[in-house]
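K.L.:
Just so it is clear, I am handing over structure-v4.cif, which has mmCIF, C-alpha atoms.
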data_entry
#
loop_
_atom_site.group_PDB
_atom_site.id
_atom_site.type_symbol
_atom_site.label_atom_id
_atom_site.label_comp_id
_atom_site.auth_asym_id
_atom_site.auth_seq_id
_atom_site.Cartn_x
_atom_site.Cartn_y
_atom_site.Cartn_z
ATOM 1 C CA MET A 1 -29.241 -41.694 -35.181
ATOM 2 C CA VAL A 2 -29.229 -40.867 -38.873
ATOM 3 C CA VAL A 3 -28.894 -37.150 -39.504
ATOM 4 C CA ARG A 4 -28.722 -34.906 -42.552
ATOM 5 C CA SER A 5 -25.773 -32.541 -42.592
ATOM 6 C CA LEU A 6 -26.915 -28.916 -42.853
ATOM 7 C CA ALA A 7 -23.627 -27.034 -42.480
ATOM 8 C CA ALA A 8 -20.053 -28.184 -41.955
ATOM 9 C CA GLY A 9 -16.893 -26.190 -41.344
ATOM 10 C CA ILE A 10 -13.458 -26.815 -42.828
ATOM 11 C CA CYS A 11 -10.873 -27.082 -40.053
ATOM 12 C CA GLY A 12 -7.140 -26.462 -40.193
ATOM 13 C CA SER A 13 -6.692 -30.099 -39.218
ATOM 14 C CA ASP A 14 -8.567 -31.078 -42.383
ATOM 15 C CA LEU A 15 -6.093 -29.042 -44.426
ATOM 16 C CA HIS A 16 -3.159 -30.779 -42.733
ATOM 17 C CA ALA A 17 -4.757 -34.176 -43.269
ATOM 18 C CA LEU A 18 -5.446 -33.566 -46.939
ATOM 19 C CA ALA A 19 -1.906 -32.349 -47.547
ATOM 20 C CA ASP A 20 -0.313 -35.552 -46.192
ATOM 21 C CA PHE A 21 -2.863 -38.067 -44.970
ATOM 22 C CA SER A 22 -0.306 -40.757 -44.131
ATOM 23 C CA HIS A 23 1.662 -38.352 -41.948
ATOM 24 C CA PHE A 24 -1.551 -37.160 -40.290
ATOM 25 C CA THR A 25 -2.820 -40.657 -39.511
ATOM 26 C CA GLY A 26 0.619 -41.660 -38.256
ATOM 27 C CA LEU A 27 0.655 -38.783 -35.783
ATOM 28 C CA MET A 28 -2.796 -39.708 -34.525
ATOM 29 C CA ALA A 29 -1.783 -43.348 -34.095
ATOM 30 C CA SER A 30 1.313 -42.277 -32.138
ATOM 31 C CA VAL A 31 -0.859 -40.781 -29.385
ATOM 32 C CA GLY A 32 -3.347 -43.630 -29.253
ATOM 33 C CA VAL A 33 -6.124 -42.201 -31.424
ATOM 34 C CA PRO A 34 -8.161 -44.998 -33.036
ATOM 35 C CA SER A 35 -6.502 -46.372 -36.140
ATOM 36 C CA LEU A 36 -7.328 -44.858 -39.503
ATOM 37 C CA ASP A 37 -6.255 -46.442 -42.779
ATOM 38 C CA PRO A 38 -4.872 -43.645 -44.988
ATOM 39 C CA ALA A 39 -5.490 -45.740 -48.098
ATOM 40 C CA ALA A 40 -9.207 -46.193 -47.370
ATOM 41 C CA ASP A 41 -12.050 -43.721 -47.814
ATOM 42 C CA CYS A 42 -12.551 -40.980 -45.242
ATOM 43 C CA VAL A 43 -15.121 -38.168 -45.342
ATOM 44 C CA PHE A 44 -14.008 -35.068 -43.415
ATOM 45 C CA GLY A 45 -16.192 -32.748 -41.369
ATOM 46 C CA HIS A 46 -16.090 -32.715 -37.557
ATOM 47 C CA GLU A 47 -17.596 -29.209 -37.231
ATOM 48 C CA PHE A 48 -21.278 -29.424 -38.105
ATOM 49 C CA CYS A 49 -24.935 -28.745 -37.508
ATOM 50 C CA ALA A 50 -27.315 -31.471 -38.666
ATOM 51 C CA GLU A 51 -30.977 -32.498 -38.668
ATOM 52 C CA ILE A 52 -32.342 -35.784 -37.330
ATOM 53 C CA VAL A 53 -33.973 -37.881 -40.067
ATOM 54 C CA GLU A 54 -34.228 -41.322 -38.441
ATOM 55 C CA HIS A 55 -33.915 -42.992 -35.036
ATOM 56 C CA GLY A 56 -31.671 -46.027 -34.999
ATOM 57 C CA PRO A 57 -32.513 -49.329 -33.289
ATOM 58 C CA ASP A 58 -32.465 -49.272 -29.477
ATOM 59 C CA THR A 59 -32.390 -45.481 -29.307
ATOM 60 C CA ALA A 60 -34.698 -43.602 -26.947
ATOM 61 C CA GLY A 61 -35.895 -41.172 -29.615
ATOM 62 C CA THR A 62 -35.998 -38.338 -27.100
ATOM 63 C CA LEU A 63 -35.349 -35.761 -29.810
ATOM 64 C CA PRO A 64 -37.883 -35.943 -32.643
ATOM 65 C CA VAL A 65 -37.188 -36.202 -36.353
ATOM 66 C CA GLY A 66 -36.510 -32.721 -37.739
ATOM 67 C CA THR A 67 -34.615 -31.498 -34.656
ATOM 68 C CA ARG A 68 -31.450 -29.582 -35.470
ATOM 69 C CA VAL A 69 -28.524 -30.908 -33.455
ATOM 70 C CA CYS A 70 -24.831 -30.523 -32.769
ATOM 71 C CA ALA A 71 -22.650 -33.215 -31.243
ATOM 72 C CA VAL A 72 -19.161 -33.928 -29.992
ATOM 73 C CA PRO A 73 -17.764 -35.709 -33.089
ATOM 74 C CA ILE A 74 -17.086 -39.131 -31.626
ATOM 75 C CA ILE A 75 -19.026 -42.381 -31.809
ATOM 76 C CA LEU A 76 -18.925 -45.740 -30.054
ATOM 77 C CA GLY A 77 -18.902 -48.338 -32.808
ATOM 78 C CA PRO A 78 -18.112 -52.055 -33.081
ATOM 79 C CA THR A 79 -14.385 -51.230 -33.221
ATOM 80 C CA GLY A 80 -14.496 -48.888 -30.210
ATOM 81 C CA ILE A 81 -14.353 -45.090 -30.089
ATOM 82 C CA GLU A 82 -13.972 -43.410 -33.471
ATOM 83 C CA GLN A 83 -13.771 -39.776 -34.525
ATOM 84 C CA ILE A 84 -16.490 -38.619 -36.856
ATOM 85 C CA GLY A 85 -14.766 -37.001 -39.802
ATOM 86 C CA TYR A 86 -11.547 -38.952 -39.218
ATOM 87 C CA SER A 87 -12.900 -42.459 -39.604
ATOM 88 C CA ASN A 88 -13.047 -45.045 -42.350
ATOM 89 C CA HIS A 89 -16.487 -46.105 -41.095
ATOM 90 C CA TYR A 90 -18.331 -42.955 -39.996
ATOM 91 C CA PRO A 91 -18.484 -40.041 -42.448
ATOM 92 C CA GLY A 92 -18.243 -36.465 -41.278
ATOM 93 C CA GLY A 93 -20.297 -33.411 -42.082
ATOM 94 C CA LEU A 94 -19.071 -33.182 -45.680
ATOM 95 C CA ALA A 95 -21.304 -36.173 -46.374
ATOM 96 C CA GLU A 96 -24.998 -35.667 -47.004
ATOM 97 C CA HIS A 97 -25.881 -37.979 -44.086
ATOM 98 C CA MET A 98 -24.099 -39.098 -40.925
ATOM 99 C CA ALA A 99 -24.607 -41.526 -38.064
ATOM 100 C CA LEU A 100 -24.350 -39.804 -34.676
ATOM 101 C CA GLN A 101 -24.397 -41.089 -31.091
ATOM 102 C CA GLU A 102 -27.751 -40.281 -29.510
ATOM 103 C CA LEU A 103 -26.143 -39.802 -26.096
ATOM 104 C CA LEU A 104 -24.064 -36.882 -27.397
ATOM 105 C CA LEU A 105 -26.748 -35.012 -29.360
ATOM 106 C CA LEU A 106 -27.527 -31.472 -28.263
ATOM 107 C CA PRO A 107 -30.592 -29.677 -29.660
ATOM 108 C CA VAL A 108 -29.845 -26.342 -31.304
ATOM 109 C CA PRO A 109 -31.821 -23.423 -29.820
ATOM 110 C CA ASP A 110 -34.615 -22.279 -32.134
ATOM 111 C CA SER A 111 -33.215 -18.757 -32.145
ATOM 112 C CA LEU A 112 -29.734 -19.855 -33.292
ATOM 113 C CA ALA A 113 -29.022 -19.879 -37.028
ATOM 114 C CA THR A 114 -27.804 -23.176 -38.464
ATOM 115 C CA ASP A 115 -24.509 -21.720 -39.716
ATOM 116 C CA LEU A 116 -23.719 -20.253 -36.301
ATOM 117 C CA ALA A 117 -24.556 -23.546 -34.614
ATOM 118 C CA ALA A 118 -21.934 -25.197 -36.825
ATOM 119 C CA LEU A 119 -19.328 -23.026 -35.066
ATOM 120 C CA THR A 120 -19.897 -24.824 -31.768
ATOM 121 C CA GLU A 121 -17.062 -27.297 -32.286
ATOM 122 C CA PRO A 122 -14.303 -24.824 -33.244
ATOM 123 C CA LEU A 123 -15.352 -22.315 -30.579
ATOM 124 C CA ALA A 124 -15.303 -25.085 -27.944
ATOM 125 C CA VAL A 125 -11.564 -25.407 -28.623
ATOM 126 C CA GLY A 126 -11.114 -21.853 -27.339
ATOM 127 C CA GLU A 127 -13.342 -22.550 -24.346
ATOM 128 C CA HIS A 128 -11.098 -25.441 -23.329
ATOM 129 C CA ALA A 129 -7.869 -23.498 -23.857
ATOM 130 C CA VAL A 130 -9.008 -20.590 -21.699
ATOM 131 C CA GLY A 131 -10.180 -22.965 -18.985
ATOM 132 C CA LEU A 132 -6.798 -24.685 -19.072
ATOM 133 C CA SER A 133 -4.884 -21.409 -18.909
ATOM 134 C CA GLY A 134 -5.561 -20.695 -15.240
ATOM 135 C CA LEU A 135 -6.148 -17.011 -15.958
ATOM 136 C CA GLU A 136 -6.976 -14.834 -12.978
ATOM 137 C CA PRO A 137 -9.134 -11.681 -13.114
ATOM 138 C CA GLY A 138 -7.205 -8.749 -14.546
ATOM 139 C CA GLN A 139 -4.346 -10.886 -15.825
ATOM 140 C CA PRO A 140 -3.255 -9.541 -19.234
ATOM 141 C CA CYS A 141 -3.217 -11.928 -22.183
ATOM 142 C CA LEU A 142 -2.070 -12.002 -25.780
ATOM 143 C CA VAL A 143 -3.517 -14.119 -28.584
ATOM 144 C CA VAL A 144 -0.986 -14.710 -31.351
ATOM 145 C CA GLY A 145 -2.802 -15.665 -34.553
ATOM 146 C CA CYS A 146 -6.399 -14.640 -35.241
ATOM 147 C CA GLY A 147 -7.582 -17.480 -37.428
ATOM 148 C CA PRO A 148 -10.575 -19.530 -36.232
ATOM 149 C CA VAL A 149 -8.619 -20.992 -33.290
ATOM 150 C CA GLY A 150 -7.344 -17.623 -32.096
ATOM 151 C CA LEU A 151 -10.773 -16.067 -32.501
ATOM 152 C CA ALA A 152 -12.276 -18.936 -30.495
ATOM 153 C CA VAL A 153 -9.824 -18.089 -27.709
ATOM 154 C CA ILE A 154 -10.751 -14.391 -27.869
ATOM 155 C CA ALA A 155 -14.458 -15.271 -27.724
ATOM 156 C CA ALA A 156 -13.904 -17.427 -24.642
ATOM 157 C CA LEU A 157 -11.727 -14.796 -22.955
ATOM 158 C CA LYS A 158 -14.271 -12.038 -23.464
ATOM 159 C CA GLY A 159 -17.137 -14.364 -22.573
ATOM 160 C CA ARG A 160 -15.492 -14.975 -19.194
ATOM 161 C CA GLY A 161 -14.694 -11.309 -18.630
ATOM 162 C CA HIS A 162 -10.912 -11.590 -18.928
ATOM 163 C CA GLY A 163 -8.709 -8.780 -20.104
ATOM 164 C CA PRO A 164 -7.046 -6.770 -21.296
ATOM 165 C CA VAL A 165 -6.960 -9.030 -24.370
ATOM 166 C CA LEU A 166 -4.280 -8.244 -26.958
ATOM 167 C CA ALA A 167 -4.443 -9.921 -30.367
ATOM 168 C CA ALA A 168 -1.864 -10.053 -33.168
ATOM 169 C CA ASP A 169 -2.087 -11.189 -36.793
ATOM 170 C CA PHE A 170 -0.521 -10.159 -40.100
ATOM 171 C CA SER A 171 -3.857 -10.417 -41.969
ATOM 172 C CA PRO A 172 -6.014 -7.254 -42.053
ATOM 173 C CA THR A 173 -9.106 -9.444 -42.409
ATOM 174 C CA ARG A 174 -8.271 -11.414 -39.318
ATOM 175 C CA ARG A 175 -7.357 -8.337 -37.319
ATOM 176 C CA ALA A 176 -10.787 -6.941 -38.155
ATOM 177 C CA LEU A 177 -12.345 -10.207 -36.979
ATOM 178 C CA ALA A 178 -10.395 -9.968 -33.718
ATOM 179 C CA GLU A 179 -11.833 -6.494 -33.177
ATOM 180 C CA GLY A 180 -15.302 -7.859 -33.900
ATOM 181 C CA PHE A 181 -14.798 -10.556 -31.280
ATOM 182 C CA GLY A 182 -13.935 -7.892 -28.716
ATOM 183 C CA ALA A 183 -10.133 -7.851 -28.458
ATOM 184 C CA ASP A 184 -9.051 -4.756 -26.552
ATOM 185 C CA ASP A 185 -5.918 -4.075 -28.609
ATOM 186 C CA VAL A 186 -5.316 -5.482 -32.109
ATOM 187 C CA ILE A 187 -1.760 -5.377 -33.428
ATOM 188 C CA ASP A 188 -0.143 -5.775 -36.834
ATOM 189 C CA PRO A 189 3.185 -7.566 -36.159
ATOM 190 C CA ALA A 190 4.554 -6.183 -39.416
ATOM 191 C CA GLU A 191 4.478 -2.724 -37.862
ATOM 192 C CA VAL A 192 5.244 -3.353 -34.200
ATOM 193 C CA SER A 193 5.961 -6.332 -31.987
ATOM 194 C CA PRO A 194 2.949 -7.107 -29.808
ATOM 195 C CA HIS A 195 5.396 -7.689 -26.945
ATOM 196 C CA GLU A 196 6.140 -3.972 -26.812
ATOM 197 C CA ARG A 197 2.686 -3.556 -25.269
ATOM 198 C CA TRP A 198 3.807 -5.293 -22.073
ATOM 199 C CA THR A 199 5.762 -2.214 -20.989
ATOM 200 C CA ASP A 200 2.602 -0.102 -21.311
ATOM 201 C CA LEU A 201 0.873 -2.574 -18.975
ATOM 202 C CA GLY A 202 3.644 -2.294 -16.400
ATOM 203 C CA ILE A 203 5.071 -5.767 -17.039
ATOM 204 C CA PRO A 204 8.884 -6.139 -16.973
ATOM 205 C CA ARG A 205 10.127 -7.444 -20.308
ATOM 206 C CA THR A 206 13.588 -8.634 -19.239
ATOM 207 C CA ILE A 207 15.027 -10.572 -16.319
ATOM 208 C CA THR A 208 16.891 -7.504 -15.027
ATOM 209 C CA GLU A 209 13.735 -5.378 -15.226
ATOM 210 C CA ARG A 210 11.870 -8.034 -13.275
ATOM 211 C CA ILE A 211 14.559 -8.164 -10.564
ATOM 212 C CA ALA A 212 14.437 -4.384 -10.264
ATOM 213 C CA ALA A 213 10.642 -4.442 -10.025
ATOM 214 C CA SER A 214 10.853 -7.087 -7.305
ATOM 215 C CA ILE A 215 13.358 -5.015 -5.306
ATOM 216 C CA MET A 216 11.134 -1.941 -5.608
ATOM 217 C CA GLY A 217 8.026 -3.909 -4.621
ATOM 218 C CA THR A 218 6.263 -3.107 -7.882
ATOM 219 C CA GLU A 219 3.050 -5.085 -8.314
ATOM 220 C CA PHE A 220 2.082 -6.601 -11.668
ATOM 221 C CA LYS A 221 0.515 -9.741 -13.061
ATOM 222 C CA ASP A 222 2.443 -12.092 -15.319
ATOM 223 C CA PRO A 223 0.968 -12.403 -18.813
ATOM 224 C CA VAL A 224 -0.640 -15.412 -20.450
ATOM 225 C CA ILE A 225 0.072 -15.876 -24.155
ATOM 226 C CA PHE A 226 -2.058 -18.074 -26.413
ATOM 227 C CA GLU A 227 -0.167 -19.458 -29.417
ATOM 228 C CA ALA A 228 -2.767 -20.051 -32.140
ATOM 229 C CA VAL A 229 -0.593 -20.258 -35.260
ATOM 230 C CA GLY A 230 0.768 -23.793 -35.156
ATOM 231 C CA LEU A 231 3.806 -23.337 -37.373
ATOM 232 C CA PRO A 232 7.422 -24.354 -36.735
ATOM 233 C CA GLY A 233 9.386 -21.569 -35.081
ATOM 234 C CA MET A 234 6.472 -20.036 -33.188
ATOM 235 C CA LEU A 235 7.365 -21.531 -29.816
ATOM 236 C CA GLN A 236 10.957 -20.293 -30.020
ATOM 237 C CA SER A 237 9.774 -16.873 -31.155
ATOM 238 C CA LEU A 238 7.582 -16.594 -28.069
ATOM 239 C CA ILE A 239 10.323 -17.867 -25.774
ATOM 240 C CA ALA A 240 12.627 -15.168 -27.136
ATOM 241 C CA ASP A 241 10.146 -12.292 -26.954
ATOM 242 C CA ALA A 242 7.815 -13.082 -24.043
ATOM 243 C CA PRO A 243 8.418 -11.473 -20.649
ATOM 244 C CA PRO A 244 9.955 -13.623 -17.893
ATOM 245 C CA HIS A 245 7.480 -15.872 -16.063
ATOM 246 C CA SER A 246 5.033 -15.823 -18.968
ATOM 247 C CA ARG A 247 2.629 -18.721 -19.318
ATOM 248 C CA ILE A 248 2.271 -19.861 -22.921
ATOM 249 C CA VAL A 249 -0.815 -21.875 -23.821
ATOM 250 C CA VAL A 250 -0.252 -23.701 -27.111
ATOM 251 C CA VAL A 251 -3.530 -24.098 -29.012
ATOM 252 C CA GLY A 252 -2.226 -24.054 -32.590
ATOM 253 C CA VAL A 253 -1.433 -27.606 -33.692
ATOM 254 C CA CYS A 254 1.984 -27.810 -35.320
ATOM 255 C CA MET A 255 2.344 -31.147 -37.125
ATOM 256 C CA HIS A 256 6.056 -30.897 -37.819
ATOM 257 C CA THR A 257 9.173 -31.359 -35.720
ATOM 258 C CA ASP A 258 10.187 -28.078 -34.110
ATOM 259 C CA ALA A 259 13.134 -26.774 -32.083
ATOM 260 C CA ILE A 260 13.430 -24.487 -29.085
ATOM 261 C CA GLU A 261 16.322 -22.949 -27.134
ATOM 262 C CA PRO A 262 15.861 -24.402 -23.628
ATOM 263 C CA PHE A 263 18.372 -21.997 -22.032
ATOM 264 C CA MET A 264 16.144 -19.023 -22.807
ATOM 265 C CA ALA A 265 13.013 -20.750 -21.498
ATOM 266 C CA VAL A 266 14.787 -21.899 -18.339
ATOM 267 C CA THR A 267 16.339 -18.551 -17.426
ATOM 268 C CA LYS A 268 13.046 -16.757 -18.072
ATOM 269 C CA GLU A 269 11.115 -19.509 -16.243
ATOM 270 C CA ILE A 270 8.621 -19.745 -19.079
ATOM 271 C CA GLU A 271 5.687 -22.085 -18.470
ATOM 272 C CA PHE A 272 4.083 -24.077 -21.296
ATOM 273 C CA ARG A 273 0.614 -25.604 -21.305
ATOM 274 C CA PHE A 274 -0.565 -27.543 -24.332
ATOM 275 C CA SER A 275 -4.287 -27.509 -25.116
ATOM 276 C CA PHE A 276 -6.219 -29.888 -27.344
ATOM 277 C CA GLY A 277 -9.934 -30.308 -28.023
ATOM 278 C CA TYR A 278 -12.545 -29.965 -25.261
ATOM 279 C CA ASP A 279 -14.773 -32.083 -23.063
ATOM 280 C CA PRO A 280 -18.538 -32.586 -23.569
ATOM 281 C CA SER A 281 -19.432 -30.028 -20.890
ATOM 282 C CA GLU A 282 -17.317 -27.357 -22.612
ATOM 283 C CA PHE A 283 -18.939 -28.247 -25.932
ATOM 284 C CA ALA A 284 -22.412 -27.861 -24.409
ATOM 285 C CA ALA A 285 -21.441 -24.582 -22.717
ATOM 286 C CA THR A 286 -20.219 -23.226 -26.057
ATOM 287 C CA LEU A 287 -23.516 -24.058 -27.758
ATOM 288 C CA ASP A 288 -25.337 -22.282 -24.928
ATOM 289 C CA ARG A 289 -23.097 -19.214 -25.338
ATOM 290 C CA LEU A 290 -23.776 -19.129 -29.060
ATOM 291 C CA GLY A 291 -27.486 -19.317 -28.342
ATOM 292 C CA ALA A 292 -27.159 -16.334 -26.015
ATOM 293 C CA GLY A 293 -25.089 -14.444 -28.591
ATOM 294 C CA VAL A 294 -21.323 -14.375 -29.084
ATOM 295 C CA PRO A 295 -20.122 -10.987 -30.394
ATOM 296 C CA GLY A 296 -18.400 -11.398 -33.737
ATOM 297 C CA ALA A 297 -19.489 -15.003 -34.343
ATOM 298 C CA ASP A 298 -21.482 -14.068 -37.437
ATOM 299 C CA LEU A 299 -18.414 -12.297 -38.843
ATOM 300 C CA LEU A 300 -16.313 -15.454 -38.576
ATOM 301 C CA ILE A 301 -18.190 -17.098 -41.448
ATOM 302 C CA THR A 302 -16.625 -15.374 -44.448
ATOM 303 C CA SER A 303 -17.912 -17.725 -47.157
ATOM 304 C CA THR A 304 -20.310 -20.613 -47.785
ATOM 305 C CA VAL A 305 -20.243 -23.153 -50.610
ATOM 306 C CA ASP A 306 -22.221 -26.199 -51.669
ATOM 307 C CA LEU A 307 -20.724 -29.681 -51.760
ATOM 308 C CA LEU A 308 -19.362 -29.191 -55.269
ATOM 309 C CA GLY A 309 -17.598 -26.070 -54.061
ATOM 310 C CA ALA A 310 -15.800 -27.857 -51.217
ATOM 311 C CA PRO A 311 -12.613 -28.703 -53.169
ATOM 312 C CA GLY A 312 -12.239 -25.063 -54.173
ATOM 313 C CA ALA A 313 -12.765 -24.000 -50.558
ATOM 314 C CA PHE A 314 -9.932 -26.290 -49.458
ATOM 315 C CA ASP A 315 -7.681 -24.724 -52.102
ATOM 316 C CA THR A 316 -8.634 -21.224 -50.947
ATOM 317 C CA LEU A 317 -7.892 -21.983 -47.303
ATOM 318 C CA ARG A 318 -4.341 -23.057 -48.068
ATOM 319 C CA THR A 319 -3.612 -19.319 -48.099
ATOM 320 C CA PRO A 320 -6.234 -18.274 -45.564
ATOM 321 C CA GLY A 321 -5.417 -14.628 -44.915
ATOM 322 C CA ALA A 322 -8.651 -13.324 -46.429
ATOM 323 C CA HIS A 323 -10.929 -15.813 -44.664
ATOM 324 C CA GLY A 324 -12.167 -16.807 -41.256
ATOM 325 C CA LYS A 325 -14.351 -19.895 -41.574
ATOM 326 C CA ILE A 326 -15.731 -21.379 -44.805
ATOM 327 C CA LEU A 327 -18.863 -23.500 -44.344
ATOM 328 C CA VAL A 328 -20.055 -26.224 -46.679
ATOM 329 C CA HIS A 329 -23.787 -26.799 -47.166
ATOM 330 C CA PRO A 330 -24.094 -30.419 -48.335
#
Using structure tokens, write down the structure that the file contains.
P.N.:
Amino acid sequence: MVVRSLAAGICGSDLHALADFSHFTGLMASVGVPSLDPAADCVFGHEFCAEIVEHGPDTAGTLPVGTRVCAVPIILGPTGIEQIGYSNHYPGGLAEHMALQELLLLPVPDSLATDLAALTEPLAVGEHAVGLSGLEPGQPCLVVGCGPVGLAVIAALKGRGHGPVLAADFSPTRRALAEGFGADDVIDPAEVSPHERWTDLGIPRTITERIAASIMGTEFKDPVIFEAVGLPGMLQSLIADAPPHSRIVVVGVCMHTDAIEPFMAVTKEIEFRFSFGYDPSEFAATLDRLGAGVPGADLLITSTVDLLGAPGAFDTLRTPGAHGKILVHP
């Protein structure tokens, strides 16, 4: 299907790719992602809302021309599966037109604004992470980093009724966004460690405290921590500060070699789960949730630009503290 791009988001992965495309493509190749030639053209944009303009050959044409759609950004081409937005053959949403797989098209509800529909892809990342976390009702959780990924996690947590949800970020803008998305307690790490809140929730913070609580028969639920920063040093910081038996779900994508202190993780019996992407059902569920209304979603879009403004938007997002999501309108 040929579609016209209406709105496309700039992802943190796009920033990483632009900074060092050879490194980025090498990492993708190392995990079996379809090959991408860093010396050839590539049009970014895997977060998008588009409009059908033409049915391709051998398509069913179930959705008529003019239908607004979202889609999981992959396509089955002559060379196999490729990622839209990270392909030398299939341009992403920062192009004026794209080719999309008819099988994966989802119509956007009439009541849902185009810009909000373009948030389906990034919010689906949070949907997957929360599903992967194994959270039980009433289990406390902390989201570290309130950029688009962290906010997607908060949206999914609140959408599923989990809590209490703590959120931490150095940026006042992003803390305000976390409040808008429904976080129960928003913390500035420059003033206080978010891990001090565990004591208030009755969770032992040290091994000796946990042993004492076990002897006394004290009941509590181990916390789940979502790491949504993706910078070197974050995993070790959480290992050092998290309570024993914490489960850490890593959603932030760090693209550099990192180091941890295994002794601390072993003695505290820290559990790690690494989360990436989403499946088509989670993508569809996220679009449905947006159609029903996700608190704070409209606040996430802090700026929009036209295609000529895209390079400036990339520059701005290199120091993203004042922004949530910037959308491009090709």
K.L.:
Under the rule that only C-alpha atoms are counted, which of A:Gly159, A:Pro78, A:Gly202, A:Gly230 is the nearest residue to Gly252 in chain A?
P.N.:
A:Gly230
K.L.:
Given the choices A:Met28, A:Ala71, A:Ala313, A:Met1, which gets closest to Pro57 in chain A if the distance is worked out from only C-alpha atoms?
P.N.:
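Looking only at the distances to Pro57 in chain A, the closest residue turns out to be A:Met1.
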K.L.:
I'd like to know which of A:Gly45, A:Pro34, A:Pro109, A:Gly217 is closest to Arg68 in chain A, using only C-alpha atoms.
P.N.:
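Between A:Gly45, A:Pro34, A:Pro109, A:Gly217, the residue approaching Arg68 in chain A most closely is A:Pro109.
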K.L.:
Given the file shown, determine the residues that the PyMOL selection byres ((chain A and resi 141-156) around 6) selects; report them as an NGL selection string.
P.N.:
:A and (123 or 126-127 or 140 or 157-159 or 165-169 or 174 or 181 or 223-229 or 324)
K.L.:
Selection from above, C-alpha atoms, as a PDB file, in the coordinates of the input, can you write it?
P.N.:
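See selection_39.pdb below for the written result:
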ATOM      1  CA  LEU A 123     -15.352 -22.315 -30.579  1.00  0.00           C
ATOM      2  CA  GLY A 126     -11.114 -21.853 -27.339  1.00  0.00           C
ATOM      3  CA  GLU A 127     -13.342 -22.550 -24.346  1.00  0.00           C
ATOM      4  CA  PRO A 140      -3.255  -9.541 -19.234  1.00  0.00           C
ATOM      5  CA  LEU A 157     -11.727 -14.796 -22.955  1.00  0.00           C
ATOM      6  CA  LYS A 158     -14.271 -12.038 -23.464  1.00  0.00           C
ATOM      7  CA  GLY A 159     -17.137 -14.364 -22.573  1.00  0.00           C
ATOM      8  CA  VAL A 165      -6.960  -9.030 -24.370  1.00  0.00           C
ATOM      9  CA  LEU A 166      -4.280  -8.244 -26.958  1.00  0.00           C
ATOM     10  CA  ALA A 167      -4.443  -9.921 -30.367  1.00  0.00           C
ATOM     11  CA  ALA A 168      -1.864 -10.053 -33.168  1.00  0.00           C
ATOM     12  CA  ASP A 169      -2.087 -11.189 -36.793  1.00  0.00           C
ATOM     13  CA  ARG A 174      -8.271 -11.414 -39.318  1.00  0.00           C
ATOM     14  CA  PHE A 181     -14.798 -10.556 -31.280  1.00  0.00           C
ATOM     15  CA  PRO A 223       0.968 -12.403 -18.813  1.00  0.00           C
ATOM     16  CA  VAL A 224      -0.640 -15.412 -20.450  1.00  0.00           C
ATOM     17  CA  ILE A 225       0.072 -15.876 -24.155  1.00  0.00           C
ATOM     18  CA  PHE A 226      -2.058 -18.074 -26.413  1.00  0.00           C
ATOM     19  CA  GLU A 227      -0.167 -19.458 -29.417  1.00  0.00           C
ATOM     20  CA  ALA A 228      -2.767 -20.051 -32.140  1.00  0.00           C
ATOM     21  CA  VAL A 229      -0.593 -20.258 -35.260  1.00  0.00           C
ATOM     22  CA  GLY A 324     -12.167 -16.807 -41.256  1.00  0.00           C
TER      23      GLY A 324
END
K.L.:
Do you have the CA of Cys49 in chain A-CA of Cys11 in chain A distance handy?
P.N.:
14.4 Å
K.L.:
Which residues are close to range 12-17 of chain A, i.e. within 10 Å by all atoms listed in the file, leaving aside same-chain residues fewer than 2 positions away? Reply as a JSON list (two decimals) with C-alpha atoms, in the frame of the given file.
P.N.:
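Result written to out.json:
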[["chain", "number", "residue", "atom", "x", "y", "z"],
["A", 9, "GLY", "CA", -16.89, -26.19, -41.34],
["A", 10, "ILE", "CA", -13.46, -26.82, -42.83],
["A", 19, "ALA", "CA", -1.91, -32.35, -47.55],
["A", 20, "ASP", "CA", -0.31, -35.55, -46.19],
["A", 21, "PHE", "CA", -2.86, -38.07, -44.97],
["A", 22, "SER", "CA", -0.31, -40.76, -44.13],
["A", 23, "HIS", "CA", 1.66, -38.35, -41.95],
["A", 24, "PHE", "CA", -1.55, -37.16, -40.29],
["A", 25, "THR", "CA", -2.82, -40.66, -39.51],
["A", 38, "PRO", "CA", -4.87, -43.64, -44.99],
["A", 44, "PHE", "CA", -14.01, -35.07, -43.42],
["A", 45, "GLY", "CA", -16.19, -32.75, -41.37],
["A", 46, "HIS", "CA", -16.09, -32.72, -37.56],
["A", 85, "GLY", "CA", -14.77, -37.00, -39.80],
["A", 86, "TYR", "CA", -11.55, -38.95, -39.22],
["A", 147, "GLY", "CA", -7.58, -17.48, -37.43],
["A", 148, "PRO", "CA", -10.58, -19.53, -36.23],
["A", 149, "VAL", "CA", -8.62, -20.99, -33.29],
["A", 230, "GLY", "CA", 0.77, -23.79, -35.16],
["A", 252, "GLY", "CA", -2.23, -24.05, -32.59],
["A", 253, "VAL", "CA", -1.43, -27.61, -33.69],
["A", 254, "CYS", "CA", 1.98, -27.81, -35.32],
["A", 255, "MET", "CA", 2.34, -31.15, -37.12],
["A", 314, "PHE", "CA", -9.93, -26.29, -49.46],
["A", 315, "ASP", "CA", -7.68, -24.72, -52.10],
["A", 317, "LEU", "CA", -7.89, -21.98, -47.30],
["A", 318, "ARG", "CA", -4.34, -23.06, -48.07],
["A", 320, "PRO", "CA", -6.23, -18.27, -45.56],
["A", 325, "LYS", "CA", -14.35, -19.90, -41.57]]
K.L.:
Check which residues satisfy the PyMOL selection byres ((chain A and resi 47) around 7) in the file shown, then give them as a compact mmCIF listing (two decimals) with C-alpha atoms, in the frame of the given file.
P.N.:
# COMPACT_ATOMS: atom_id res chain seq x y z
CA ALA A 8 -20.05 -28.18 -41.96
CA GLY A 9 -16.89 -26.19 -41.34
CA GLY A 45 -16.19 -32.75 -41.37
CA HIS A 46 -16.09 -32.72 -37.56
CA PHE A 48 -21.28 -29.42 -38.10
CA GLY A 93 -20.30 -33.41 -42.08
CA ALA A 118 -21.93 -25.20 -36.83
CA LEU A 119 -19.33 -23.03 -35.07
CA GLU A 121 -17.06 -27.30 -32.29
CA PRO A 122 -14.30 -24.82 -33.24
